[in-house]
Number of protein chains: 2
Amino acid sequence: MQTVDEILKIKNVKNTAVRTVVLRHLLNQEKAQSLKDIENALVYTDRSSIFRTLKTFEESKIIHSIEDGSGMIKYAVCAKGCNCDPKDLHYHFYCNNCDKTFCLFDVPFQNIELPKNFKIQQANMVVKGLCNNCNK
Amino acid sequence: MQTVDEILKIKNVKNTAVRTVVLRHLLNQEKAQSLKDIENALVYTDRSSIFRTLKTFEESKIIHSIEDGSGMIKYAVCAKGCNCDPKDLHYHFYCNNCDKTFCLFDVPFQNIELPKNFKIQQANMVVKGLCNNCNK
DNA sequence: CATATGGTGCAACTCGATTGCAAAGATTAT
DNA sequence: ATAATCTTTGCAATCGAGTTGCACCATATG
């Protein structure tokens, strides 16, 4: 696992107090986080600062966003070397029971045969169901 | 193509003025519609009535919703025989240029090997890029 | 040190989604 | 047919995630 400082440096994003604490928080999570999640975890950090930090991180491809249908956009740290290209796509899993969203980095992403002249640029793939913890 | 009356009857949903006009509108579209889209098209029908109609239709599996990342939930009529089970899943395509969302009924949905003990119930799969009309 | 650039915190605002409530319409029981 | 009940509809208000304006502060640059 890369450190906060390493990631910011590689992605050419200036290190600040808010950015450090937000990125550290994201790195420590096993599930994708919403703005609200982060806000609740970092009580002393302002919502709009977190918001802008997330935008910065997303533009710099430090994190990617996921629309899991919960009504809130979730964010997760990109895998090392990720460039958010189609080749970096992966599935996400949303647990209907515990409301967690995971990146399924290990599930191979299959090429989709699009209709003629359709061109893929990104994708938001969310599988919903029960996670290993709730499927009992 | 089934008629409005047939669909409502099959899905056991009472036929009303609003339901008829909303479903007819949805059947006539080639792309998935947001609440706003429908509202704009059906000027004389109240927003909240359309909203509740969509909820009713979704519960009855007359339509399915798609989160395409545009910030608005889109709705499309389910294919005949669809039960909104995993077997009925299909990909959606969101055009980054013209903002249309299509159901890709003809693209085979590939089985995804989930991690151990994860169970699929539904999925929201959105491929983003350029549609055949905009990819020129 | 002076100035410019960018980050932060607060408060306000936007807009899609949702709800409360009363009126209108449909259904069922008497 | 009429009364009682349940459902649908329209209007207005509310909710909440996301976003922005602005003033202040921190850091970098000359």
# chains A, B, ... in the order shown; residues from 1 in each chain; ligands from 1
call {"tool": "residues_around", "arguments": {"residues": "Ala17 in chain B", "least_positions_apart": "4", "cutoff": "12 Å", "atoms": "only C-alpha atoms (C1' of nucleotides)", "output": "PyMOL selection string"}}
result
(chain B and resi 4-5+21-24+42+44-46+49-50+53) or (chain C and resi 25) or (chain D and resi 8-9)
call {"tool": "write_last_selection", "arguments": {"atoms": "C-alpha atoms (C1' of nucleotides)", "output": "PDB file, in the first residue's frame"}}
result
ATOM      1  CA  VAL B   4     -50.521   0.215 -22.569  1.00  0.00           C
ATOM      2  CA  ASP B   5     -53.673  -1.644 -21.595  1.00  0.00           C
ATOM      3  CA  VAL B  21     -50.275   8.789 -20.466  1.00  0.00           C
ATOM      4  CA  VAL B  22     -46.984   8.116 -18.640  1.00  0.00           C
ATOM      5  CA  LEU B  23     -46.692   4.556 -19.917  1.00  0.00           C
ATOM      6  CA  ARG B  24     -47.623   5.538 -23.444  1.00  0.00           C
ATOM      7  CA  LEU B  42     -46.561  15.886 -20.289  1.00  0.00           C
ATOM      8  CA  TYR B  44     -50.598  19.013 -17.983  1.00  0.00           C
ATOM      9  CA  THR B  45     -49.690  16.221 -15.618  1.00  0.00           C
ATOM     10  CA  ASP B  46     -48.431  16.977 -12.140  1.00  0.00           C
ATOM     11  CA  SER B  49     -48.285  12.230  -9.834  1.00  0.00           C
ATOM     12  CA  ILE B  50     -45.738  11.232 -12.438  1.00  0.00           C
ATOM     13  CA  THR B  53     -46.689   6.582 -11.075  1.00  0.00           C
TER      14      THR B  53
ATOM     15  C1'  DG C  25     -62.456   9.758  -8.474  1.00  0.00           C
TER      16       DG C  25
ATOM     17  C1'  DT D   8     -55.346   8.522  -7.098  1.00  0.00           C
ATOM     18  C1'  DT D   9     -54.305  13.209  -8.102  1.00  0.00           C
TER      19       DT D   9
END
call {"tool": "closest_atom_pairs", "arguments": {"of": "range 20-39 of chain A", "to": "range 10-20 of chain D", "cutoff": "12 Å", "atoms": "only C-alpha atoms (C1' of nucleotides)", "output": "Markdown table"}}
result
| residue | atom | partner | partner_atom | distance |
| --- | --- | --- | --- | --- |
| A:Ser34 | CA | D:DA17 | C1' | 10.2 |
| A:Leu35 | CA | D:DA17 | C1' | 8.9 |
| A:Lys36 | CA | D:DA17 | C1' | 8.8 |
call {"tool": "interface_residues", "arguments": {"of": "chain C", "to": "chain A", "cutoff": "9 Å", "atoms": "only C-alpha atoms (C1' of nucleotides)", "output": "list in words"}}
result
DG7, DT8, DG9 and DC10 of chain C
call {"tool": "write_last_selection", "arguments": {"atoms": "N, CA and C atoms (P, O5', C5', C4', C3', O3' and C1' of nucleotides)", "output": "mmCIF file, in the first residue's frame"}}
result
data_model
loop_
_atom_site.group_PDB
_atom_site.id
_atom_site.type_symbol
_atom_site.label_atom_id
_atom_site.label_comp_id
_atom_site.auth_asym_id
_atom_site.auth_seq_id
_atom_site.Cartn_x
_atom_site.Cartn_y
_atom_site.Cartn_z
ATOM 1 P P DG C 7 -4.922 24.579 -4.323
ATOM 2 O "O5'" DG C 7 -5.331 24.787 -2.803
ATOM 3 C "C5'" DG C 7 -4.307 24.667 -1.818
ATOM 4 C "C4'" DG C 7 -4.919 24.869 -0.450
ATOM 5 C "C3'" DG C 7 -6.133 23.995 -0.146
ATOM 6 O "O3'" DG C 7 -5.985 23.564 1.206
ATOM 7 C "C1'" DG C 7 -6.724 26.278 0.060
ATOM 8 P P DT C 8 -7.061 22.596 1.863
ATOM 9 O "O5'" DT C 8 -7.928 23.640 2.682
ATOM 10 C "C5'" DT C 8 -7.305 24.385 3.717
ATOM 11 C "C4'" DT C 8 -8.342 25.217 4.446
ATOM 12 C "C3'" DT C 8 -9.604 24.457 4.854
ATOM 13 O "O3'" DT C 8 -9.746 24.587 6.254
ATOM 14 C "C1'" DT C 8 -10.142 26.521 3.769
ATOM 15 P P DG C 9 -10.859 23.778 7.042
ATOM 16 O "O5'" DG C 9 -11.969 24.898 7.254
ATOM 17 C "C5'" DG C 9 -11.619 26.081 7.952
ATOM 18 C "C4'" DG C 9 -12.823 26.995 8.064
ATOM 19 C "C3'" DG C 9 -14.129 26.294 8.456
ATOM 20 O "O3'" DG C 9 -14.736 27.093 9.467
ATOM 21 C "C1'" DG C 9 -14.430 27.502 6.421
ATOM 22 P P DC C 10 -16.020 26.639 10.270
ATOM 23 O "O5'" DC C 10 -17.143 27.586 9.646
ATOM 24 C "C5'" DC C 10 -16.969 29.002 9.665
ATOM 25 C "C4'" DC C 10 -18.001 29.657 8.782
ATOM 26 C "C3'" DC C 10 -19.427 29.117 8.967
ATOM 27 O "O3'" DC C 10 -20.245 30.182 9.409
ATOM 28 C "C1'" DC C 10 -18.854 29.363 6.664
#
call {"tool": "select_by_dssp", "arguments": {"residues": "chain A", "states": "strand (DSSP E or B)", "output": "PyMOL selection string"}}
result
chain A and resi 33-34+63-67+73-77+91-95+101-104+119-130
call {"tool": "interface_residues", "arguments": {"of": "chain A", "to": "chain B", "cutoff": "12 Å", "atoms": "only C-alpha atoms", "output": "PyMOL selection string"}}
result
chain A and resi 65-74+85-86+89-97+102-136
call {"tool": "select_by_dssp", "arguments": {"residues": "chain A", "states": "alpha helix (DSSP H)", "output": "number ranges by chain"}}
result
A: 4-10, 17-27, 35-41, 47-59
call {"tool": "atom_distance", "arguments": {"atom1": "CA of Ala32 in chain B", "atom2": "CA of Ile7 in chain B"}}
result
17.8 Å
call {"tool": "residues_around", "arguments": {"residues": "DA26 in chain C", "least_positions_apart": "5", "cutoff": "12 Å", "atoms": "only C-alpha atoms (C1' of nucleotides)", "output": "compact mmCIF listing (two decimals) with C-alpha atoms (C1' of nucleotides), in the first residue's frame"}}
result
# COMPACT_ATOMS: atom_id res chain seq x y z
CA LYS B 14 -55.05 -0.37 -12.33
CA ASN B 15 -55.51 1.78 -15.38
CA THR B 16 -55.78 5.50 -14.68
C1' DT D 5 -64.10 3.37 2.16
C1' DC D 6 -60.01 3.27 -0.44
C1' DT D 7 -57.12 5.06 -4.19
C1' DT D 8 -55.35 8.52 -7.10
call {"tool": "atom_distance", "arguments": {"atom1": "CA of Lys61 in chain B", "atom2": "C1' of DT19 in chain C"}}
result
23.2 Å
call {"tool": "decode", "arguments": {"residues": "chain B", "atoms": "C-alpha atoms", "output": "mmCIF file, in the first residue's frame"}}
result
data_model
loop_
_atom_site.group_PDB
_atom_site.id
_atom_site.type_symbol
_atom_site.label_atom_id
_atom_site.label_comp_id
_atom_site.auth_asym_id
_atom_site.auth_seq_id
_atom_site.Cartn_x
_atom_site.Cartn_y
_atom_site.Cartn_z
ATOM 1 C CA MET B 1 -44.902 -4.046 -28.990
ATOM 2 C CA GLN B 2 -47.484 -4.491 -26.289
ATOM 3 C CA THR B 3 -50.121 -1.851 -25.708
ATOM 4 C CA VAL B 4 -50.521 0.215 -22.569
ATOM 5 C CA ASP B 5 -53.673 -1.644 -21.595
ATOM 6 C CA GLU B 6 -52.098 -5.045 -22.091
ATOM 7 C CA ILE B 7 -49.087 -4.182 -19.974
ATOM 8 C CA LEU B 8 -51.109 -2.741 -17.120
ATOM 9 C CA LYS B 9 -53.388 -5.744 -17.154
ATOM 10 C CA ILE B 10 -50.564 -8.270 -17.187
ATOM 11 C CA LYS B 11 -48.737 -6.473 -14.401
ATOM 12 C CA ASN B 12 -51.923 -6.085 -12.431
ATOM 13 C CA VAL B 13 -51.832 -2.308 -12.195
ATOM 14 C CA LYS B 14 -55.047 -0.366 -12.332
ATOM 15 C CA ASN B 15 -55.506 1.782 -15.379
ATOM 16 C CA THR B 16 -55.784 5.500 -14.683
ATOM 17 C CA ALA B 17 -55.402 8.630 -16.770
ATOM 18 C CA VAL B 18 -51.944 9.473 -15.492
ATOM 19 C CA ARG B 19 -50.681 5.923 -15.751
ATOM 20 C CA THR B 20 -51.901 5.603 -19.294
ATOM 21 C CA VAL B 21 -50.275 8.789 -20.466
ATOM 22 C CA VAL B 22 -46.984 8.116 -18.640
ATOM 23 C CA LEU B 23 -46.692 4.556 -19.917
ATOM 24 C CA ARG B 24 -47.623 5.538 -23.444
ATOM 25 C CA HIS B 25 -44.941 8.207 -23.344
ATOM 26 C CA LEU B 26 -42.324 5.757 -22.115
ATOM 27 C CA LEU B 27 -43.257 3.230 -24.793
ATOM 28 C CA ASN B 28 -42.761 5.836 -27.483
ATOM 29 C CA GLN B 29 -39.212 6.705 -26.474
ATOM 30 C CA GLU B 30 -36.048 5.157 -27.781
ATOM 31 C CA LYS B 31 -34.082 6.434 -24.827
ATOM 32 C CA ALA B 32 -34.635 6.154 -21.085
ATOM 33 C CA GLN B 33 -36.506 9.076 -19.539
ATOM 34 C CA SER B 34 -35.925 11.078 -16.401
ATOM 35 C CA LEU B 35 -38.750 12.450 -14.299
ATOM 36 C CA LYS B 36 -37.908 15.838 -15.735
ATOM 37 C CA ASP B 37 -38.081 14.529 -19.301
ATOM 38 C CA ILE B 38 -41.544 13.148 -18.670
ATOM 39 C CA GLU B 39 -42.639 16.273 -16.854
ATOM 40 C CA ASN B 40 -41.560 18.397 -19.799
ATOM 41 C CA ALA B 41 -43.326 16.150 -22.250
ATOM 42 C CA LEU B 42 -46.561 15.886 -20.289
ATOM 43 C CA VAL B 43 -47.142 19.507 -19.410
ATOM 44 C CA TYR B 44 -50.598 19.013 -17.983
ATOM 45 C CA THR B 45 -49.690 16.221 -15.618
ATOM 46 C CA ASP B 46 -48.431 16.977 -12.140
ATOM 47 C CA ARG B 47 -44.842 16.152 -11.249
ATOM 48 C CA SER B 48 -45.671 14.301 -8.059
ATOM 49 C CA SER B 49 -48.285 12.230 -9.834
ATOM 50 C CA ILE B 50 -45.738 11.232 -12.438
ATOM 51 C CA PHE B 51 -43.257 10.515 -9.663
ATOM 52 C CA ARG B 52 -45.658 8.236 -7.845
ATOM 53 C CA THR B 53 -46.689 6.582 -11.075
ATOM 54 C CA LEU B 54 -43.052 5.758 -11.781
ATOM 55 C CA LYS B 55 -42.676 4.252 -8.315
ATOM 56 C CA THR B 56 -45.770 2.164 -8.888
ATOM 57 C CA PHE B 57 -44.510 1.032 -12.286
ATOM 58 C CA GLU B 58 -41.129 0.158 -10.870
ATOM 59 C CA GLU B 59 -42.592 -1.908 -8.034
ATOM 60 C CA SER B 60 -44.801 -3.692 -10.522
ATOM 61 C CA LYS B 61 -41.827 -4.286 -12.796
ATOM 62 C CA ILE B 62 -43.364 -2.456 -15.686
ATOM 63 C CA ILE B 63 -40.286 -0.244 -15.866
ATOM 64 C CA HIS B 64 -36.771 -0.338 -14.477
ATOM 65 C CA SER B 65 -34.609 2.531 -13.341
ATOM 66 C CA ILE B 66 -31.082 3.333 -14.435
ATOM 67 C CA GLU B 67 -28.542 5.494 -12.711
ATOM 68 C CA ASP B 68 -26.469 6.752 -15.559
ATOM 69 C CA GLY B 69 -24.453 9.317 -13.700
ATOM 70 C CA SER B 70 -26.323 12.271 -15.151
ATOM 71 C CA GLY B 71 -27.668 13.005 -11.692
ATOM 72 C CA MET B 72 -31.174 12.063 -12.687
ATOM 73 C CA ILE B 73 -32.640 8.599 -12.474
ATOM 74 C CA LYS B 74 -33.816 7.405 -15.857
ATOM 75 C CA TYR B 75 -36.639 4.986 -16.511
ATOM 76 C CA ALA B 76 -37.276 2.561 -19.341
ATOM 77 C CA VAL B 77 -39.993 0.029 -20.033
ATOM 78 C CA CYS B 78 -38.956 -3.522 -19.255
ATOM 79 C CA ALA B 79 -38.712 -6.007 -22.064
ATOM 80 C CA LYS B 80 -41.607 -8.425 -22.458
ATOM 81 C CA GLY B 81 -41.349 -11.218 -19.933
ATOM 82 C CA CYS B 82 -38.847 -9.326 -17.816
ATOM 83 C CA ASN B 83 -39.062 -9.931 -14.126
ATOM 84 C CA CYS B 84 -36.150 -7.745 -13.096
ATOM 85 C CA ASP B 85 -34.244 -10.822 -11.958
ATOM 86 C CA PRO B 86 -30.523 -11.256 -12.540
ATOM 87 C CA LYS B 87 -31.423 -13.197 -15.695
ATOM 88 C CA ASP B 88 -33.143 -10.098 -17.056
ATOM 89 C CA LEU B 89 -30.120 -7.873 -16.611
ATOM 90 C CA HIS B 90 -28.806 -5.902 -19.511
ATOM 91 C CA TYR B 91 -26.251 -3.189 -20.107
ATOM 92 C CA HIS B 92 -27.079 0.447 -20.550
ATOM 93 C CA PHE B 93 -25.226 2.920 -22.642
ATOM 94 C CA TYR B 94 -24.939 6.560 -21.721
ATOM 95 C CA CYS B 95 -23.750 8.939 -24.412
ATOM 96 C CA ASN B 96 -21.379 11.531 -23.006
ATOM 97 C CA ASN B 97 -22.192 13.808 -25.905
ATOM 98 C CA CYS B 98 -25.960 13.773 -26.400
ATOM 99 C CA ASP B 99 -26.873 12.699 -22.877
ATOM 100 C CA LYS B 100 -29.110 9.858 -24.045
ATOM 101 C CA THR B 101 -29.345 6.574 -22.208
ATOM 102 C CA PHE B 102 -30.181 3.386 -24.079
ATOM 103 C CA CYS B 103 -31.003 -0.129 -22.989
ATOM 104 C CA LEU B 104 -28.665 -2.529 -24.792
ATOM 105 C CA PHE B 105 -31.102 -5.407 -24.912
ATOM 106 C CA ASP B 106 -29.105 -7.083 -27.673
ATOM 107 C CA VAL B 107 -25.716 -7.120 -25.965
ATOM 108 C CA PRO B 108 -25.375 -10.430 -24.123
ATOM 109 C CA PHE B 109 -24.981 -10.011 -20.405
ATOM 110 C CA GLN B 110 -21.951 -11.884 -19.258
ATOM 111 C CA ASN B 111 -21.905 -13.844 -16.096
ATOM 112 C CA ILE B 112 -19.676 -12.277 -13.500
ATOM 113 C CA GLU B 113 -17.607 -14.424 -11.210
ATOM 114 C CA LEU B 114 -18.181 -12.831 -7.852
ATOM 115 C CA PRO B 115 -15.937 -13.500 -4.853
ATOM 116 C CA LYS B 116 -16.896 -16.370 -2.612
ATOM 117 C CA ASN B 117 -20.243 -15.989 -0.843
ATOM 118 C CA PHE B 118 -21.242 -12.854 -2.708
ATOM 119 C CA LYS B 119 -24.716 -13.159 -4.191
ATOM 120 C CA ILE B 120 -26.043 -11.106 -7.069
ATOM 121 C CA GLN B 121 -29.585 -9.808 -6.886
ATOM 122 C CA GLN B 122 -29.626 -6.923 -9.343
ATOM 123 C CA ALA B 123 -27.147 -4.781 -11.213
ATOM 124 C CA ASN B 124 -26.805 -1.293 -12.626
ATOM 125 C CA MET B 125 -24.426 -1.504 -15.530
ATOM 126 C CA VAL B 126 -23.763 1.648 -17.443
ATOM 127 C CA VAL B 127 -21.232 1.883 -20.231
ATOM 128 C CA LYS B 128 -20.385 5.467 -21.077
ATOM 129 C CA GLY B 129 -18.980 6.860 -24.263
ATOM 130 C CA LEU B 130 -20.229 7.979 -27.652
ATOM 131 C CA CYS B 131 -23.351 6.593 -29.285
ATOM 132 C CA ASN B 132 -23.530 5.733 -32.959
ATOM 133 C CA ASN B 133 -25.010 9.106 -33.704
ATOM 134 C CA CYS B 134 -22.331 11.119 -31.935
ATOM 135 C CA ASN B 135 -19.271 8.989 -32.789
ATOM 136 C CA LYS B 136 -18.470 10.667 -36.086
#
